[in-house]
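Participant: Got final-v9.txt for you, compact mmCIF, C-alpha atoms:
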```txt
# COMPACT_ATOMS: atom_id res chain seq x y z
CA MET A 1 -44.52 -46.52 -9.19
CA LYS A 2 -41.91 -46.13 -6.46
CA ARG A 3 -42.92 -49.53 -5.13
CA LYS A 4 -42.23 -51.06 -8.52
CA TYR A 5 -38.76 -49.53 -8.63
CA LYS A 6 -37.74 -50.42 -5.08
CA ASP A 7 -39.75 -53.24 -3.54
CA ARG A 8 -39.79 -55.45 -6.61
CA PHE A 9 -36.29 -54.78 -7.87
CA ARG A 10 -34.46 -57.42 -5.83
CA GLU A 11 -37.07 -60.11 -6.54
CA VAL A 12 -37.01 -59.60 -10.31
CA ALA A 13 -33.23 -59.23 -10.43
CA VAL A 14 -32.82 -62.62 -8.74
CA ARG A 15 -35.24 -64.21 -11.18
CA LEU A 16 -33.40 -62.71 -14.16
CA ALA A 17 -30.07 -64.01 -12.89
CA SER A 18 -31.36 -67.49 -12.13
CA GLN A 19 -32.87 -67.89 -15.59
CA HIS A 20 -30.02 -66.35 -17.56
CA GLY A 21 -28.53 -69.69 -18.51
CA ALA A 22 -31.83 -71.24 -19.53
CA ALA A 23 -32.79 -68.23 -21.60
CA SER A 24 -29.45 -68.23 -23.42
CA SER A 25 -29.62 -71.94 -24.19
CA LYS A 26 -33.06 -71.59 -25.81
CA ARG A 27 -32.27 -68.47 -27.84
CA SER A 28 -33.65 -68.51 -31.37
CA THR A 29 -31.36 -70.27 -33.79
CA PRO A 30 -29.90 -68.41 -36.80
CA GLY A 31 -32.42 -68.17 -39.63
CA LYS A 32 -35.41 -68.84 -37.38
CA LYS A 33 -38.06 -66.16 -37.49
CA ALA A 34 -39.02 -64.41 -34.27
CA ALA A 35 -42.45 -65.39 -32.97
CA LEU A 36 -45.28 -62.95 -33.58
CA LEU A 37 -47.01 -61.21 -30.69
CA LEU A 38 -50.72 -61.97 -30.58
CA PRO A 39 -53.08 -59.52 -28.83
CA LYS A 40 -53.12 -61.71 -25.71
CA ASP A 41 -49.30 -61.81 -25.76
CA ILE A 42 -49.09 -58.02 -25.95
CA GLN A 43 -51.43 -57.68 -23.00
CA GLN A 44 -49.38 -60.27 -21.10
CA VAL A 45 -46.10 -58.42 -21.69
CA GLU A 46 -47.58 -55.03 -20.82
CA GLN A 47 -48.99 -56.44 -17.59
CA PHE A 48 -45.65 -58.01 -16.68
CA ILE A 49 -43.81 -54.75 -17.30
CA LEU A 50 -46.18 -52.75 -15.11
CA SER A 51 -46.31 -55.24 -12.24
CA GLU A 52 -42.95 -57.03 -12.29
CA SER A 53 -40.30 -55.03 -14.14
CA PRO A 54 -37.76 -53.10 -12.05
CA TYR A 55 -37.70 -50.50 -14.86
CA PRO A 56 -41.34 -50.34 -16.04
CA VAL A 57 -41.15 -46.91 -17.66
CA ALA A 58 -38.11 -47.64 -19.82
CA ASP A 59 -39.22 -51.18 -20.62
CA GLN A 60 -42.66 -50.04 -21.72
CA LEU A 61 -41.24 -47.39 -24.05
CA GLY A 62 -38.77 -49.83 -25.59
CA PHE A 63 -41.47 -52.47 -26.05
CA ARG A 64 -43.85 -50.06 -27.71
CA LEU A 65 -41.18 -48.64 -30.03
CA SER A 66 -40.59 -52.18 -31.23
CA LEU A 67 -44.26 -53.10 -31.54
CA TYR A 68 -45.80 -49.86 -32.85
CA ALA A 69 -42.89 -48.38 -34.83
CA GLY A 70 -41.02 -51.53 -35.86
CA LEU A 71 -37.68 -50.41 -34.45
CA ARG A 72 -34.77 -52.81 -34.30
CA ALA A 73 -33.09 -53.38 -30.94
CA ALA A 74 -29.98 -51.54 -32.13
CA GLU A 75 -32.10 -48.55 -33.17
CA ILE A 76 -33.82 -48.39 -29.78
CA VAL A 77 -30.46 -48.47 -28.02
CA GLN A 78 -28.98 -45.71 -30.18
CA MET A 79 -32.10 -43.55 -30.18
CA SER A 80 -32.43 -40.58 -27.85
CA ILE A 81 -35.49 -38.99 -26.31
CA ALA A 82 -34.69 -35.99 -28.53
CA ASP A 83 -35.69 -38.15 -31.51
CA LEU A 84 -39.21 -38.40 -30.08
CA VAL A 85 -39.92 -34.81 -29.05
CA GLU A 86 -39.93 -31.36 -30.62
CA ARG A 87 -37.60 -28.55 -29.57
CA ASP A 88 -40.27 -27.11 -27.29
CA GLY A 89 -40.55 -30.44 -25.47
CA SER A 90 -43.86 -31.49 -26.99
CA ILE A 91 -44.27 -35.01 -28.32
CA SER A 92 -43.28 -35.26 -31.97
CA SER A 93 -45.70 -36.45 -34.64
CA THR A 94 -43.08 -38.95 -35.82
CA VAL A 95 -40.55 -41.41 -34.47
CA THR A 96 -37.31 -40.30 -36.12
CA VAL A 97 -34.71 -42.92 -36.97
CA ARG A 98 -31.63 -40.94 -37.91
CA PRO A 99 -29.46 -42.21 -40.79
CA ASP A 100 -26.56 -42.71 -38.39
CA ILE A 101 -28.55 -45.27 -36.38
CA GLY A 102 -30.65 -46.86 -39.12
CA LYS A 103 -29.40 -50.10 -40.67
CA GLY A 104 -27.36 -49.44 -43.79
CA GLY A 105 -27.35 -45.72 -43.04
CA ARG A 106 -31.03 -45.44 -43.98
CA GLY A 107 -33.04 -43.04 -41.87
CA ARG A 108 -36.81 -42.99 -41.76
CA SER A 109 -39.77 -41.37 -40.03
CA ILE A 110 -42.60 -43.46 -38.60
CA PRO A 111 -45.88 -41.78 -37.61
CA MET A 112 -46.10 -41.54 -33.83
CA HIS A 113 -48.52 -44.13 -32.47
CA PRO A 114 -50.62 -42.83 -29.53
CA LYS A 115 -49.34 -45.62 -27.29
CA ILE A 116 -45.74 -44.63 -27.98
CA ALA A 117 -46.61 -40.98 -27.27
CA ASP A 118 -48.11 -41.99 -23.91
CA ALA A 119 -44.99 -44.00 -23.05
CA VAL A 120 -42.74 -41.06 -23.97
CA ARG A 121 -44.67 -38.72 -21.67
CA THR A 122 -44.39 -41.18 -18.80
CA PHE A 123 -40.67 -41.69 -19.43
CA ILE A 124 -39.98 -37.95 -19.37
CA LYS A 125 -42.03 -37.60 -16.19
CA PHE A 126 -40.09 -40.26 -14.29
CA HIS A 127 -36.69 -39.79 -15.98
CA PRO A 128 -36.54 -36.05 -16.80
CA ASP A 129 -32.73 -36.01 -17.00
CA MET A 130 -32.26 -39.27 -18.92
CA PRO A 131 -31.49 -38.67 -22.63
CA PHE A 132 -31.39 -42.39 -23.55
CA ILE A 133 -34.25 -44.86 -23.87
CA ALA A 134 -32.09 -47.90 -23.18
CA PHE A 135 -29.67 -46.79 -20.48
CA ALA A 136 -27.03 -48.64 -18.46
CA ARG A 137 -29.01 -49.73 -15.41
CA ARG A 138 -26.17 -50.44 -12.98
CA GLY A 139 -24.51 -47.09 -13.50
CA TRP A 140 -27.84 -45.32 -13.19
CA ARG A 141 -28.49 -46.98 -9.83
CA ARG A 142 -25.04 -45.92 -8.63
CA GLY A 143 -25.70 -42.35 -9.66
CA ASP A 144 -23.22 -42.37 -12.57
CA PRO A 145 -23.74 -40.03 -15.54
CA PRO A 146 -26.27 -41.39 -18.08
CA LYS A 147 -24.83 -43.99 -20.42
CA ARG A 148 -26.36 -46.00 -23.24
CA GLN A 149 -26.96 -49.68 -22.73
CA GLY A 150 -25.03 -51.99 -25.04
CA VAL A 151 -26.95 -53.56 -27.94
CA SER A 152 -26.20 -57.15 -26.93
CA THR A 153 -27.03 -56.37 -23.29
CA TYR A 154 -30.36 -54.85 -24.31
CA THR A 155 -31.17 -57.72 -26.67
CA ASN A 156 -30.50 -60.29 -23.93
CA TYR A 157 -32.50 -58.24 -21.44
CA VAL A 158 -35.56 -58.14 -23.72
CA HIS A 159 -35.28 -61.86 -24.39
CA ARG A 160 -35.28 -62.58 -20.64
CA MET A 161 -38.16 -60.16 -20.13
CA TYR A 162 -40.28 -62.13 -22.60
CA ARG A 163 -39.34 -65.38 -20.86
CA LEU A 164 -40.30 -64.07 -17.45
CA ALA A 165 -43.56 -62.83 -18.94
CA GLY A 166 -44.28 -66.41 -20.05
CA LEU A 167 -43.35 -66.09 -23.76
CA SER A 168 -40.39 -68.40 -24.25
CA SER A 169 -40.43 -68.33 -28.07
CA HIS A 170 -40.19 -64.55 -28.43
CA SER A 171 -37.16 -62.32 -28.86
CA SER A 172 -36.23 -58.66 -29.29
CA HIS A 173 -37.22 -58.99 -32.97
CA SER A 174 -40.77 -60.14 -32.22
CA GLY A 175 -42.16 -56.63 -31.90
CA ARG A 176 -40.66 -55.55 -35.22
CA ARG A 177 -41.94 -58.62 -37.04
CA THR A 178 -45.39 -58.16 -35.52
CA PHE A 179 -45.40 -54.51 -36.60
CA ILE A 180 -44.57 -55.38 -40.21
CA THR A 181 -47.02 -58.27 -40.38
CA ASN A 182 -49.84 -56.22 -38.90
CA LEU A 183 -49.20 -53.40 -41.37
CA ALA A 184 -49.34 -55.85 -44.27
CA ARG A 185 -52.58 -57.37 -43.01
CA ASN A 186 -54.25 -53.96 -42.75
CA LEU A 187 -53.24 -52.43 -46.07
CA GLY A 188 -56.70 -52.31 -47.60
CA LYS A 189 -57.09 -50.63 -50.99
CA ASP A 190 -55.43 -47.32 -50.09
CA PHE A 191 -51.94 -48.61 -49.28
CA SER A 192 -49.39 -50.99 -50.73
CA ILE A 193 -46.65 -53.32 -49.56
CA ARG A 194 -44.25 -50.61 -50.70
CA ASP A 195 -45.56 -48.43 -47.84
CA VAL A 196 -44.72 -51.21 -45.41
CA GLN A 197 -41.21 -51.43 -46.86
CA VAL A 198 -40.67 -47.70 -46.30
CA LEU A 199 -41.86 -47.85 -42.69
CA ALA A 200 -39.72 -50.91 -42.01
CA GLY A 201 -36.61 -49.25 -43.44
CA HIS A 202 -35.78 -52.11 -45.79
CA ALA A 203 -33.69 -51.55 -48.89
CA ARG A 204 -35.35 -54.43 -50.72
CA LEU A 205 -39.02 -55.36 -50.91
CA GLU A 206 -38.07 -59.03 -50.71
CA THR A 207 -36.72 -58.44 -47.19
CA THR A 208 -40.04 -56.96 -46.10
CA GLN A 209 -41.92 -59.93 -47.51
CA GLU A 210 -39.78 -62.33 -45.49
CA TYR A 211 -41.01 -60.68 -42.28
CA ILE A 212 -44.69 -61.15 -43.03
CA GLU A 213 -46.47 -64.15 -41.56
CA PRO A 214 -49.12 -65.67 -43.87
CA SER A 215 -52.69 -65.71 -42.59
CA ASP A 216 -54.31 -68.89 -41.32
CA ASN A 217 -57.44 -67.98 -43.23
CA ILE A 218 -56.31 -67.52 -46.82
CA ALA A 219 -59.60 -68.94 -48.09
CA SER A 220 -61.41 -65.82 -46.89
CA LEU A 221 -59.03 -63.67 -48.92
CA VAL A 222 -60.02 -65.47 -52.11
CA GLU A 223 -63.70 -65.22 -51.19
CA ARG A 224 -63.42 -61.44 -51.09
CA LEU A 225 -62.73 -61.29 -54.83
CA LYS A 226 -65.60 -59.70 -56.75
```
Could you render the structure from this file as structure tokens?
Facilitator:
Amino acid sequence: MKRKYKDRFREVAVRLASQHGAASSKRSTPGKKAALLLPKDIQQVEQFILSESPYPVADQLGFRLSLYAGLRAAEIVQMSIADLVERDGSISSTVTVRPDIGKGGRGRSIPMHPKIADAVRTFIKFHPDMPFIAFARRGWRRGDPPKRQGVSTYTNYVHRMYRLAGLSSHSSHSGRRTFITNLARNLGKDFSIRDVQVLAGHARLETTQEYIEPSDNIASLVERLK
């Protein structure tokens, strides 16, 4: 892990800087939906984070909060580690989005996915004194007191991370959209689209529906009718 923080930092930092302009020029246009993350894409991003990222622990936690809890970039930035653990330091059973950080002042609790729990444990192990998930990287390297990363800075950082991982059509909203779509596709008979709306933190069901990508195999859905 130390090698990832030190030996690879300069190399990745140079690559991020050199591709900043290209990444910005190809940013998703307003109204365009973020690309979904397929299983192979998820594996690709996770591998990039572990082998290439100068901040693998923080990047992995942020990525998994987006993908397995559907958090918005702004919610990840404003969230604290305290929102993911109990008072005794154990991992919480839920990811808590406080009303003061949720969009429209709407708080919510998302069941803690095992992969998020693992990422939280690793984060605490390597950053025991860091209260923020998305922290200001430059100040941290200088030894400054912990400070939250700005929302726009974090959003741009995630976009560049996807690009460097080989996913040029993805953005900081891709994890959230994938989370909502995957929930909808796995509802079965015991759950409803209303459950997805609650987990997504949407005020209107119509907003949730806009996030969901239709299946490429709708014919099989009809064939399941008895």
Participant: I need the residue nearest His159 of chain A from this list: A:Asp59, A:Glu52, A:Asp190, A:Asp195. Use only C-alpha atoms for the distance.
Facilitator: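 Comparing A:Asp59, A:Glu52, A:Asp190, A:Asp195 against His159 of chain A, the winner is A:Asp59.
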Participant: Identify which of the residues A:Val158, A:Val77, A:Val57, A:Leu199 lies closest to Val120 of chain A, counting all atoms listed in the file when measuring atom-to-atom distances.
Facilitator: A:Val57
Participant: Restricting the calculation to all atoms listed in the file, which member of A:Met130, A:Thr94, A:Val196, A:Ile81 is positioned closest to Asp144 of chain A?
Facilitator: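 That would be A:Met130, the residue with the smallest distance to Asp144 of chain A.
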Participant: Which of these, A:Gln78, A:Thr178, A:Thr153, A:Gln43, has the shortest distance to Pro214 of chain A once you count only C-alpha atoms?
Facilitator: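 That would be A:Thr178, the residue with the smallest distance to Pro214 of chain A.
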Participant: Gln149 of chain A: which residues within 10 Å, counting all atoms listed in the file, same-chain residues fewer than 6 positions away excluded, as a PDB file with C-alpha atoms, in the frame of the given file?
Facilitator:
```pdb
ATOM      1  CA  ILE A  76     -33.820 -48.390 -29.780  1.00  0.00           C
ATOM      2  CA  VAL A  77     -30.460 -48.470 -28.020  1.00  0.00           C
ATOM      3  CA  GLN A  78     -28.980 -45.710 -30.180  1.00  0.00           C
ATOM      4  CA  PHE A 132     -31.390 -42.390 -23.550  1.00  0.00           C
ATOM      5  CA  ILE A 133     -34.250 -44.860 -23.870  1.00  0.00           C
ATOM      6  CA  ALA A 134     -32.090 -47.900 -23.180  1.00  0.00           C
ATOM      7  CA  PHE A 135     -29.670 -46.790 -20.480  1.00  0.00           C
ATOM      8  CA  ALA A 136     -27.030 -48.640 -18.460  1.00  0.00           C
ATOM      9  CA  ARG A 137     -29.010 -49.730 -15.410  1.00  0.00           C
ATOM     10  CA  ARG A 138     -26.170 -50.440 -12.980  1.00  0.00           C
ATOM     11  CA  GLY A 139     -24.510 -47.090 -13.500  1.00  0.00           C
ATOM     12  CA  THR A 155     -31.170 -57.720 -26.670  1.00  0.00           C
TER      13      THR A 155
END
```
Participant: Can you work out the spacing between atom CA of Asp41 of chain A and atom CA of Ala184 of chain A in Å, to one decimal?
Facilitator: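 Separation between atom CA of Asp41 of chain A and atom CA of Ala184 of chain A: 19.4 Å.
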Participant: For Thr208 of chain A, work out the shell of residues within 12 Å, counting only C-alpha atoms and skipping chain neighbours fewer than 2 positions away, then give it as a list in words.
Facilitator: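 Residues meeting the cut-off are Gly70, Arg176, Arg177, Thr178, Phe179, Ile180, Thr181, Leu183, Ala184, Ile193, Arg194, Asp195, Val196, Gln197, Val198, Leu199, Ala200, Gly201, His202, Ala203, Arg204, Leu205, Glu206, Glu210, Tyr211, Ile212 and Glu213 of chain A.
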Participant: Write the selection just made, keeping C-alpha atoms, as a compact mmCIF listing (two decimals), in the frame of the given file?
Facilitator:
```
# COMPACT_ATOMS: atom_id res chain seq x y z
CA GLY A 70 -41.02 -51.53 -35.86
CA ARG A 176 -40.66 -55.55 -35.22
CA ARG A 177 -41.94 -58.62 -37.04
CA THR A 178 -45.39 -58.16 -35.52
CA PHE A 179 -45.40 -54.51 -36.60
CA ILE A 180 -44.57 -55.38 -40.21
CA THR A 181 -47.02 -58.27 -40.38
CA LEU A 183 -49.20 -53.40 -41.37
CA ALA A 184 -49.34 -55.85 -44.27
CA ILE A 193 -46.65 -53.32 -49.56
CA ARG A 194 -44.25 -50.61 -50.70
CA ASP A 195 -45.56 -48.43 -47.84
CA VAL A 196 -44.72 -51.21 -45.41
CA GLN A 197 -41.21 -51.43 -46.86
CA VAL A 198 -40.67 -47.70 -46.30
CA LEU A 199 -41.86 -47.85 -42.69
CA ALA A 200 -39.72 -50.91 -42.01
CA GLY A 201 -36.61 -49.25 -43.44
CA HIS A 202 -35.78 -52.11 -45.79
CA ALA A 203 -33.69 -51.55 -48.89
CA ARG A 204 -35.35 -54.43 -50.72
CA LEU A 205 -39.02 -55.36 -50.91
CA GLU A 206 -38.07 -59.03 -50.71
CA GLU A 210 -39.78 -62.33 -45.49
CA TYR A 211 -41.01 -60.68 -42.28
CA ILE A 212 -44.69 -61.15 -43.03
CA GLU A 213 -46.47 -64.15 -41.56
```
Participant: Of the candidates A:Glu75, A:Asn182, A:Arg163, A:Ala69, which one gets nearest to Lys103 of chain A if we count only C-alpha atoms?
Facilitator: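 Among A:Glu75, A:Asn182, A:Arg163, A:Ala69, it is A:Glu75 that comes nearest to Lys103 of chain A.
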Participant: So what do you get for atom CA of Ile124 of chain A versus atom CA of Pro54 of chain A, distance-wise?
Facilitator: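 These atoms are spaced 17.0 Å apart.
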Participant: Could you work out how far atom CA of Ser192 of chain A lies from atom CA of Arg98 of chain A, giving the answer in Å with one decimal?
Facilitator: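 Separation between atom CA of Arg98 of chain A and atom CA of Ser192 of chain A: 24.1 Å.
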Participant: Please extract segment 103-114 of chain A and write it out with all heavy atoms, as a PDB file, in the first residue's frame.
Facilitator:
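Full text of selection32.pdb as output:
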```pdb
ATOM      1  N   LYS A 103     -30.133  15.915  -0.991  1.00  0.00           N
ATOM      2  CA  LYS A 103     -30.721  16.881  -1.917  1.00  0.00           C
ATOM      3  C   LYS A 103     -32.139  17.223  -1.470  1.00  0.00           C
ATOM      4  O   LYS A 103     -32.932  16.348  -1.137  1.00  0.00           O
ATOM      5  CB  LYS A 103     -30.746  16.296  -3.331  1.00  0.00           C
ATOM      6  CG  LYS A 103     -31.166  17.293  -4.401  1.00  0.00           C
ATOM      7  CD  LYS A 103     -31.009  16.696  -5.787  1.00  0.00           C
ATOM      8  CE  LYS A 103     -31.384  17.707  -6.852  1.00  0.00           C
ATOM      9  NZ  LYS A 103     -31.212  17.148  -8.234  1.00  0.00           N
ATOM     10  N   GLY A 104     -32.452  18.515  -1.447  1.00  0.00           N
ATOM     11  CA  GLY A 104     -33.770  18.950  -1.031  1.00  0.00           C
ATOM     12  C   GLY A 104     -34.022  18.778   0.452  1.00  0.00           C
ATOM     13  O   GLY A 104     -35.170  18.817   0.898  1.00  0.00           O
ATOM     14  N   GLY A 105     -32.943  18.585   1.237  1.00  0.00           N
ATOM     15  CA  GLY A 105     -33.096  18.410   2.671  1.00  0.00           C
ATOM     16  C   GLY A 105     -33.690  17.074   3.061  1.00  0.00           C
ATOM     17  O   GLY A 105     -34.210  16.918   4.172  1.00  0.00           O
ATOM     18  N   ARG A 106     -33.619  16.095   2.143  1.00  0.00           N
ATOM     19  CA  ARG A 106     -34.194  14.775   2.420  1.00  0.00           C
ATOM     20  C   ARG A 106     -33.085  13.810   2.846  1.00  0.00           C
ATOM     21  O   ARG A 106     -32.192  13.483   2.062  1.00  0.00           O
ATOM     22  CB  ARG A 106     -34.912  14.229   1.180  1.00  0.00           C
ATOM     23  CG  ARG A 106     -36.168  15.000   0.794  1.00  0.00           C
ATOM     24  CD  ARG A 106     -36.868  14.344  -0.384  1.00  0.00           C
ATOM     25  NE  ARG A 106     -36.016  14.352  -1.573  1.00  0.00           N
ATOM     26  CZ  ARG A 106     -35.936  15.363  -2.424  1.00  0.00           C
ATOM     27  NH1 ARG A 106     -36.646  16.463  -2.204  1.00  0.00           N
ATOM     28  NH2 ARG A 106     -35.160  15.285  -3.479  1.00  0.00           N
ATOM     29  N   GLY A 107     -33.164  13.358   4.079  1.00  0.00           N
ATOM     30  CA  GLY A 107     -32.223  12.357   4.547  1.00  0.00           C
ATOM     31  C   GLY A 107     -32.732  10.967   4.215  1.00  0.00           C
ATOM     32  O   GLY A 107     -33.899  10.796   3.848  1.00  0.00           O
ATOM     33  N   ARG A 108     -31.862   9.990   4.328  1.00  0.00           N
ATOM     34  CA  ARG A 108     -32.276   8.615   4.073  1.00  0.00           C
ATOM     35  C   ARG A 108     -31.225   7.666   4.644  1.00  0.00           C
ATOM     36  O   ARG A 108     -30.095   8.067   4.915  1.00  0.00           O
ATOM     37  CB  ARG A 108     -32.475   8.346   2.581  1.00  0.00           C
ATOM     38  CG  ARG A 108     -31.210   8.439   1.726  1.00  0.00           C
ATOM     39  CD  ARG A 108     -31.573   8.378   0.246  1.00  0.00           C
ATOM     40  NE  ARG A 108     -30.415   8.269  -0.633  1.00  0.00           N
ATOM     41  CZ  ARG A 108     -29.634   9.283  -0.991  1.00  0.00           C
ATOM     42  NH1 ARG A 108     -29.869  10.501  -0.516  1.00  0.00           N
ATOM     43  NH2 ARG A 108     -28.626   9.089  -1.814  1.00  0.00           N
ATOM     44  N   SER A 109     -31.614   6.414   4.823  1.00  0.00           N
ATOM     45  CA  SER A 109     -30.706   5.382   5.293  1.00  0.00           C
ATOM     46  C   SER A 109     -30.700   4.251   4.285  1.00  0.00           C
ATOM     47  O   SER A 109     -31.762   3.725   3.944  1.00  0.00           O
ATOM     48  CB  SER A 109     -31.137   4.859   6.665  1.00  0.00           C
ATOM     49  OG  SER A 109     -31.013   5.870   7.659  1.00  0.00           O
ATOM     50  N   ILE A 110     -29.519   3.893   3.814  1.00  0.00           N
ATOM     51  CA  ILE A 110     -29.362   2.809   2.850  1.00  0.00           C
ATOM     52  C   ILE A 110     -28.678   1.646   3.551  1.00  0.00           C
ATOM     53  O   ILE A 110     -27.653   1.843   4.216  1.00  0.00           O
ATOM     54  CB  ILE A 110     -28.521   3.261   1.639  1.00  0.00           C
ATOM     55  CG1 ILE A 110     -29.140   4.502   0.985  1.00  0.00           C
ATOM     56  CG2 ILE A 110     -28.385   2.135   0.615  1.00  0.00           C
ATOM     57  CD1 ILE A 110     -28.462   5.793   1.348  1.00  0.00           C
ATOM     58  N   PRO A 111     -29.215   0.442   3.453  1.00  0.00           N
ATOM     59  CA  PRO A 111     -28.545  -0.710   4.076  1.00  0.00           C
ATOM     60  C   PRO A 111     -27.078  -0.792   3.648  1.00  0.00           C
ATOM     61  O   PRO A 111     -26.746  -0.583   2.480  1.00  0.00           O
ATOM     62  CB  PRO A 111     -29.360  -1.897   3.545  1.00  0.00           C
ATOM     63  CG  PRO A 111     -30.728  -1.334   3.317  1.00  0.00           C
ATOM     64  CD  PRO A 111     -30.495   0.055   2.801  1.00  0.00           C
ATOM     65  N   MET A 112     -26.221  -1.081   4.591  1.00  0.00           N
ATOM     66  CA  MET A 112     -24.779  -1.134   4.338  1.00  0.00           C
ATOM     67  C   MET A 112     -24.419  -2.363   3.503  1.00  0.00           C
ATOM     68  O   MET A 112     -24.590  -3.497   3.948  1.00  0.00           O
ATOM     69  CB  MET A 112     -24.033  -1.166   5.672  1.00  0.00           C
ATOM     70  CG  MET A 112     -22.525  -1.278   5.557  1.00  0.00           C
ATOM     71  SD  MET A 112     -21.703   0.224   4.979  1.00  0.00           S
ATOM     72  CE  MET A 112     -21.959   1.332   6.379  1.00  0.00           C
ATOM     73  N   HIS A 113     -23.920  -2.120   2.299  1.00  0.00           N
ATOM     74  CA  HIS A 113     -23.471  -3.231   1.461  1.00  0.00           C
ATOM     75  C   HIS A 113     -22.137  -3.749   2.002  1.00  0.00           C
ATOM     76  O   HIS A 113     -21.292  -2.968   2.449  1.00  0.00           O
ATOM     77  CB  HIS A 113     -23.301  -2.753   0.014  1.00  0.00           C
ATOM     78  CG  HIS A 113     -23.114  -3.852  -0.977  1.00  0.00           C
ATOM     79  ND1 HIS A 113     -21.914  -4.521  -1.136  1.00  0.00           N
ATOM     80  CD2 HIS A 113     -23.979  -4.414  -1.872  1.00  0.00           C
ATOM     81  CE1 HIS A 113     -22.049  -5.437  -2.075  1.00  0.00           C
ATOM     82  NE2 HIS A 113     -23.277  -5.393  -2.545  1.00  0.00           N
ATOM     83  N   PRO A 114     -21.915  -5.069   1.984  1.00  0.00           N
ATOM     84  CA  PRO A 114     -20.652  -5.619   2.501  1.00  0.00           C
ATOM     85  C   PRO A 114     -19.403  -5.006   1.878  1.00  0.00           C
ATOM     86  O   PRO A 114     -18.384  -4.838   2.560  1.00  0.00           O
ATOM     87  CB  PRO A 114     -20.761  -7.113   2.168  1.00  0.00           C
ATOM     88  CG  PRO A 114     -22.229  -7.383   2.127  1.00  0.00           C
ATOM     89  CD  PRO A 114     -22.842  -6.138   1.557  1.00  0.00           C
TER      90      PRO A 114
END
```
